[in-house]
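K.L.:
Hey, dropping upload.tsv in here, TSV, C-alpha atoms:
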```
chain	number	residue	atom	x	y	z
A	114	MET	CA	0.00	0.00	0.00
A	115	ARG	CA	1.24	3.44	-0.89
A	116	VAL	CA	-0.41	6.81	-0.35
A	117	LEU	CA	-0.65	8.48	-3.76
A	118	TRP	CA	-2.09	11.72	-2.44
A	119	GLU	CA	-4.05	13.43	0.30
A	120	ARG	CA	-6.38	16.20	-0.79
A	121	GLU	CA	-8.23	18.58	1.48
A	122	ILE	CA	-11.78	19.23	0.34
A	123	ASP	CA	-14.62	21.42	1.46
A	124	THR	CA	-17.42	19.23	2.79
A	125	SER	CA	-19.90	21.16	0.62
A	126	GLU	CA	-18.45	19.03	-2.23
A	127	ILE	CA	-19.57	15.80	-0.51
A	128	VAL	CA	-22.81	14.35	-1.84
A	129	VAL	CA	-24.61	11.96	0.52
A	130	SER	CA	-27.46	9.91	-0.93
A	131	PRO	CA	-29.07	6.47	-0.67
A	132	ARG	CA	-27.45	5.28	-3.92
A	133	PRO	CA	-24.16	3.96	-2.42
A	134	VAL	CA	-26.05	2.34	0.45
A	135	TRP	CA	-28.26	0.45	-1.98
A	136	LYS	CA	-25.13	-0.66	-3.83
A	137	CYS	CA	-23.84	-1.97	-0.49
A	138	ARG	CA	-26.75	-4.40	-0.49
A	139	THR	CA	-25.13	-6.25	-3.39
A	140	CYS	CA	-21.88	-6.77	-1.46
A	141	ALA	CA	-21.06	-10.08	0.21
A	142	MET	CA	-20.16	-8.17	3.41
A	143	TYR	CA	-23.56	-6.46	3.71
A	144	GLY	CA	-24.83	-6.99	7.24
A	145	LYS	CA	-21.71	-8.90	8.26
A	146	ARG	CA	-19.26	-6.22	9.36
A	147	PRO	CA	-19.77	-3.41	11.88
A	148	SER	CA	-18.59	-0.83	9.31
A	149	CYS	CA	-21.38	-1.79	6.91
A	150	PRO	CA	-25.13	-1.30	6.70
A	151	PRO	CA	-27.30	-1.85	8.60
A	152	TYR	CA	-24.81	-1.16	11.43
A	153	ALA	CA	-23.38	2.07	9.97
A	154	PRO	CA	-25.37	5.28	10.45
A	155	ASP	CA	-28.05	5.63	7.77
A	156	TRP	CA	-27.48	8.04	4.91
A	157	LYS	CA	-29.93	10.68	6.21
A	158	GLU	CA	-28.18	10.81	9.58
A	159	ALA	CA	-24.82	10.80	7.79
A	160	ARG	CA	-25.86	13.72	5.57
A	161	GLU	CA	-26.68	15.78	8.65
A	162	TRP	CA	-23.48	14.64	10.38
A	163	VAL	CA	-21.23	15.48	7.40
A	164	GLY	CA	-22.96	18.87	7.19
A	165	HIS	CA	-21.53	19.77	10.59
A	166	PHE	CA	-17.98	19.53	9.23
A	167	LYS	CA	-16.31	22.19	7.10
A	168	ARG	CA	-13.47	20.18	5.61
A	169	ALA	CA	-12.29	16.66	5.01
A	170	VAL	CA	-9.17	14.92	3.76
A	171	LEU	CA	-9.59	12.51	0.86
A	172	VAL	CA	-6.81	9.93	0.56
A	173	LYS	CA	-5.96	7.87	-2.52
A	174	PHE	CA	-4.06	4.63	-1.93
A	175	SER	CA	-2.28	2.50	-4.51
A	176	ILE	CA	-2.65	-1.17	-3.63
A	177	ASP	CA	-1.42	-4.54	-4.83
A	178	MET	CA	-4.58	-6.38	-5.90
A	179	GLU	CA	-2.78	-9.71	-5.42
A	180	ASP	CA	-2.71	-8.95	-1.69
A	181	PHE	CA	-5.97	-7.01	-1.47
A	182	GLU	CA	-7.06	-7.74	2.12
A	183	ASN	CA	-3.64	-6.97	3.62
A	184	GLU	CA	-3.29	-3.84	1.48
A	185	LYS	CA	-6.75	-2.62	2.50
A	186	ARG	CA	-5.90	-3.30	6.14
A	187	LYS	CA	-2.79	-1.12	5.78
A	188	ALA	CA	-4.92	1.66	4.27
A	189	ILE	CA	-7.40	1.42	7.16
A	190	LEU	CA	-4.59	1.56	9.72
A	191	TYR	CA	-3.12	4.58	7.93
A	192	LEU	CA	-6.49	6.37	8.10
A	193	LEU	CA	-6.80	5.60	11.81
A	194	LYS	CA	-3.26	6.90	12.39
A	195	ARG	CA	-4.06	10.14	10.52
A	196	GLU	CA	-7.29	10.50	12.50
A	197	THR	CA	-5.28	10.23	15.74
A	198	GLU	CA	-2.73	12.79	14.49
A	199	LEU	CA	-5.49	15.24	13.62
A	200	PHE	CA	-7.14	14.67	17.01
A	201	ARG	CA	-3.82	15.46	18.73
A	202	GLU	CA	-3.61	18.66	16.67
A	203	GLY	CA	-6.88	19.77	18.26
A	204	LYS	CA	-9.34	18.44	15.67
A	205	LEU	CA	-11.43	16.76	18.36
A	206	TYR	CA	-14.10	15.36	16.05
A	207	ALA	CA	-11.81	14.04	13.30
A	208	MET	CA	-13.27	10.77	12.04
A	209	ALA	CA	-11.89	8.35	9.47
A	210	LEU	CA	-14.11	6.61	6.94
A	211	PHE	CA	-12.98	3.24	5.64
A	212	PRO	CA	-12.57	2.18	2.00
A	213	GLY	CA	-15.18	-0.55	2.14
A	214	SER	CA	-15.88	-3.07	4.86
A	215	CYS	CA	-13.69	-3.27	7.95
A	216	ASN	CA	-11.05	-5.98	7.78
A	217	LEU	CA	-8.99	-5.22	10.87
A	218	CYS	CA	-9.25	-8.90	11.82
A	219	ASN	CA	-8.29	-11.80	9.58
A	220	ASP	CA	-11.19	-13.71	11.11
A	221	CYS	CA	-14.03	-11.34	12.02
A	222	PRO	CA	-15.90	-12.49	15.14
A	223	PHE	CA	-18.71	-10.04	14.34
A	224	GLU	CA	-19.62	-12.21	11.35
A	225	ARG	CA	-20.31	-15.08	13.78
A	226	GLY	CA	-22.51	-12.93	16.04
A	227	GLU	CA	-19.71	-12.33	18.54
A	228	ALA	CA	-18.44	-8.99	19.83
A	229	CYS	CA	-16.12	-6.92	17.65
A	230	ARG	CA	-12.48	-7.18	18.79
A	231	PHE	CA	-11.77	-3.51	17.96
A	232	PRO	CA	-14.95	-1.53	18.64
A	233	THR	CA	-12.96	1.66	19.27
A	234	LYS	CA	-11.23	1.37	15.87
A	235	VAL	CA	-14.13	0.46	13.59
A	236	ARG	CA	-15.35	3.31	11.40
A	237	PRO	CA	-18.11	3.30	8.79
A	238	SER	CA	-17.16	2.83	5.18
A	239	ILE	CA	-17.53	5.75	2.79
A	240	ASP	CA	-20.22	3.91	0.82
A	241	ALA	CA	-22.07	2.60	3.87
A	242	ILE	CA	-23.06	6.10	4.94
A	243	GLY	CA	-24.00	7.17	1.42
A	244	ILE	CA	-21.05	9.28	0.27
A	245	GLU	CA	-20.94	9.32	-3.53
A	246	LEU	CA	-17.21	8.95	-4.12
A	247	GLY	CA	-17.69	9.37	-7.88
A	248	LYS	CA	-18.74	12.99	-7.27
A	249	LEU	CA	-15.32	13.68	-5.66
A	250	VAL	CA	-12.93	11.77	-7.91
A	251	LYS	CA	-12.90	10.28	-11.38
A	252	ILE	CA	-13.16	6.53	-10.86
A	253	ASP	CA	-10.80	4.69	-13.18
A	254	PHE	CA	-11.28	0.93	-12.93
A	255	SER	CA	-7.93	0.29	-14.61
A	256	GLU	CA	-6.22	1.63	-11.46
A	257	SER	CA	-5.53	-0.55	-8.42
A	258	VAL	CA	-6.57	2.02	-5.85
A	259	LEU	CA	-8.70	2.58	-2.78
A	260	TYR	CA	-10.01	5.84	-1.37
A	261	GLY	CA	-10.41	6.75	2.27
A	262	MET	CA	-11.58	9.90	3.96
A	263	ILE	CA	-11.16	11.72	7.23
A	264	LEU	CA	-13.75	14.28	8.27
A	265	VAL	CA	-11.69	16.95	10.00
A	266	GLU	CA	-13.51	19.98	11.36
```
Please express what this file holds, its structure, as structure tokens.

P.N.:
Amino acid sequence: MRVLWEREIDTSEIVVSPRPVWKCRTCAMYGKRPSCPPYAPDWKEAREWVGHFKRAVLVKFSIDMEDFENEKRKAILYLLKRETELFREGKLYAMALFPGSCNLCNDCPFERGEACRFPTKVRPSIDAIGIELGKLVKIDFSESVLYGMILVE
């Protein structure tokens, strides 16, 4: 995993709608991970929540698709590290948003109806709360990339 860029954006650019959440319903992880619907905040609540922020940091990661789960895990850990850094800089409500379902554990106990091992680290995915990523970046399916976000202030 490699960070290609971090870009600060005004949250007025962020479009929140039900479309990504409905797409989540076609994913094999739907309803299985705590970062996914129906466990993530619904899109209407998320739209209000995002509206209380003024800026966000969008992060583009280059990943090795041959090692997708490990690469995504590294991206998630990077986002959590950046969230902590921003918090320490005084951005008390900084909150990372994951690129897809949480995969902090190799074997997710939540999928078996057990408690999450990292409840203080799990964050919703960008799609799960209805953020239309395609309105922020040009999606190029020939690239091996993931996008994450941190709501800052």

K.L.:
What's around Val170 (chain A) at 9 Å? Count all atoms listed in the file, leave out sequence neighbours fewer than 6 positions away in its own chain, and write the answer as a PyMOL selection string.

P.N.:
chain A and resi 119-123+261-265

K.L.:
Using only C-alpha atoms, I'd like a table of the residues in region 125-148 of chain A that come within 9 Å of region 214-238 of chain A; for each, show the closest atom pair and its distance in Å rounded to one decimal, ordered by chain and ascending number, as a tab-separated table.

P.N.:
```
residue	atom	partner	partner_atom	distance
A:Met142	CA	A:Ser214	CA	6.8
A:Tyr143	CA	A:Ser214	CA	8.5
A:Gly144	CA	A:Glu224	CA	8.4
A:Lys145	CA	A:Glu224	CA	5.0
A:Arg146	CA	A:Phe223	CA	6.3
A:Pro147	CA	A:Val235	CA	7.1
A:Ser148	CA	A:Pro237	CA	4.2
```

K.L.:
At most 10 Å is the cut-off: for each residue in region 117-165 of chain A with any atom that close to an atom of region 241-259 of chain A, write down the nearest atom pair and the distance in Å rounded to one decimal, counting only C-alpha atoms, chain first then increasing number, as CSV.

P.N.:
```
residue,atom,partner,partner_atom,distance
A:Leu117,CA,A:Val258,CA,9.0
A:Ile122,CA,A:Leu249,CA,8.9
A:Glu126,CA,A:Leu249,CA,7.1
A:Ile127,CA,A:Ile244,CA,6.7
A:Val128,CA,A:Glu245,CA,5.6
A:Val129,CA,A:Ile244,CA,4.5
A:Ser130,CA,A:Gly243,CA,5.0
A:Pro131,CA,A:Gly243,CA,5.5
A:Arg132,CA,A:Gly243,CA,6.6
A:Pro133,CA,A:Gly243,CA,5.0
A:Val134,CA,A:Ala241,CA,5.3
A:Trp135,CA,A:Gly243,CA,8.7
A:Lys136,CA,A:Ala241,CA,8.9
A:Cys137,CA,A:Ala241,CA,6.6
A:Arg138,CA,A:Ala241,CA,9.5
A:Tyr143,CA,A:Ala241,CA,9.2
A:Ser148,CA,A:Ala241,CA,7.3
A:Cys149,CA,A:Ala241,CA,5.4
A:Pro150,CA,A:Ala241,CA,5.7
A:Pro151,CA,A:Ala241,CA,8.3
A:Tyr152,CA,A:Ala241,CA,8.9
A:Ala153,CA,A:Ala241,CA,6.3
A:Pro154,CA,A:Ile242,CA,6.0
A:Asp155,CA,A:Ile242,CA,5.8
A:Trp156,CA,A:Ile242,CA,4.8
A:Lys157,CA,A:Ile242,CA,8.4
A:Glu158,CA,A:Ile242,CA,8.4
A:Ala159,CA,A:Ile242,CA,5.8
A:Arg160,CA,A:Gly243,CA,8.0
A:Val163,CA,A:Ile244,CA,9.5
```

K.L.:
I'd like the interatomic distance between CA of Ser175 (chain A) and CA of Ile189 (chain A), to a tenth of an Å.

P.N.:
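Straight-line distance from CA of Ser175 (chain A) to CA of Ile189 (chain A) works out to 12.8 Å.
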
K.L.:
Skip Leu199 (chain A) itself and residues of its chain fewer than 2 positions away, then list as a PDB file with C-alpha atoms, keeping the file's coordinate frame all residues within 12 Å of it, counting all atoms listed in the file.

P.N.:
```pdb
ATOM      1  CA  ALA A 169     -12.290  16.660   5.010  1.00  0.00           C
ATOM      2  CA  VAL A 170      -9.170  14.920   3.760  1.00  0.00           C
ATOM      3  CA  LEU A 192      -6.490   6.370   8.100  1.00  0.00           C
ATOM      4  CA  LEU A 193      -6.800   5.600  11.810  1.00  0.00           C
ATOM      5  CA  LYS A 194      -3.260   6.900  12.390  1.00  0.00           C
ATOM      6  CA  ARG A 195      -4.060  10.140  10.520  1.00  0.00           C
ATOM      7  CA  GLU A 196      -7.290  10.500  12.500  1.00  0.00           C
ATOM      8  CA  THR A 197      -5.280  10.230  15.740  1.00  0.00           C
ATOM      9  CA  ARG A 201      -3.820  15.460  18.730  1.00  0.00           C
ATOM     10  CA  GLU A 202      -3.610  18.660  16.670  1.00  0.00           C
ATOM     11  CA  GLY A 203      -6.880  19.770  18.260  1.00  0.00           C
ATOM     12  CA  LYS A 204      -9.340  18.440  15.670  1.00  0.00           C
ATOM     13  CA  LEU A 205     -11.430  16.760  18.360  1.00  0.00           C
ATOM     14  CA  TYR A 206     -14.100  15.360  16.050  1.00  0.00           C
ATOM     15  CA  ALA A 207     -11.810  14.040  13.300  1.00  0.00           C
ATOM     16  CA  MET A 208     -13.270  10.770  12.040  1.00  0.00           C
ATOM     17  CA  ALA A 209     -11.890   8.350   9.470  1.00  0.00           C
ATOM     18  CA  ILE A 263     -11.160  11.720   7.230  1.00  0.00           C
ATOM     19  CA  LEU A 264     -13.750  14.280   8.270  1.00  0.00           C
ATOM     20  CA  VAL A 265     -11.690  16.950  10.000  1.00  0.00           C
ATOM     21  CA  GLU A 266     -13.510  19.980  11.360  1.00  0.00           C
TER      22      GLU A 266
END
```
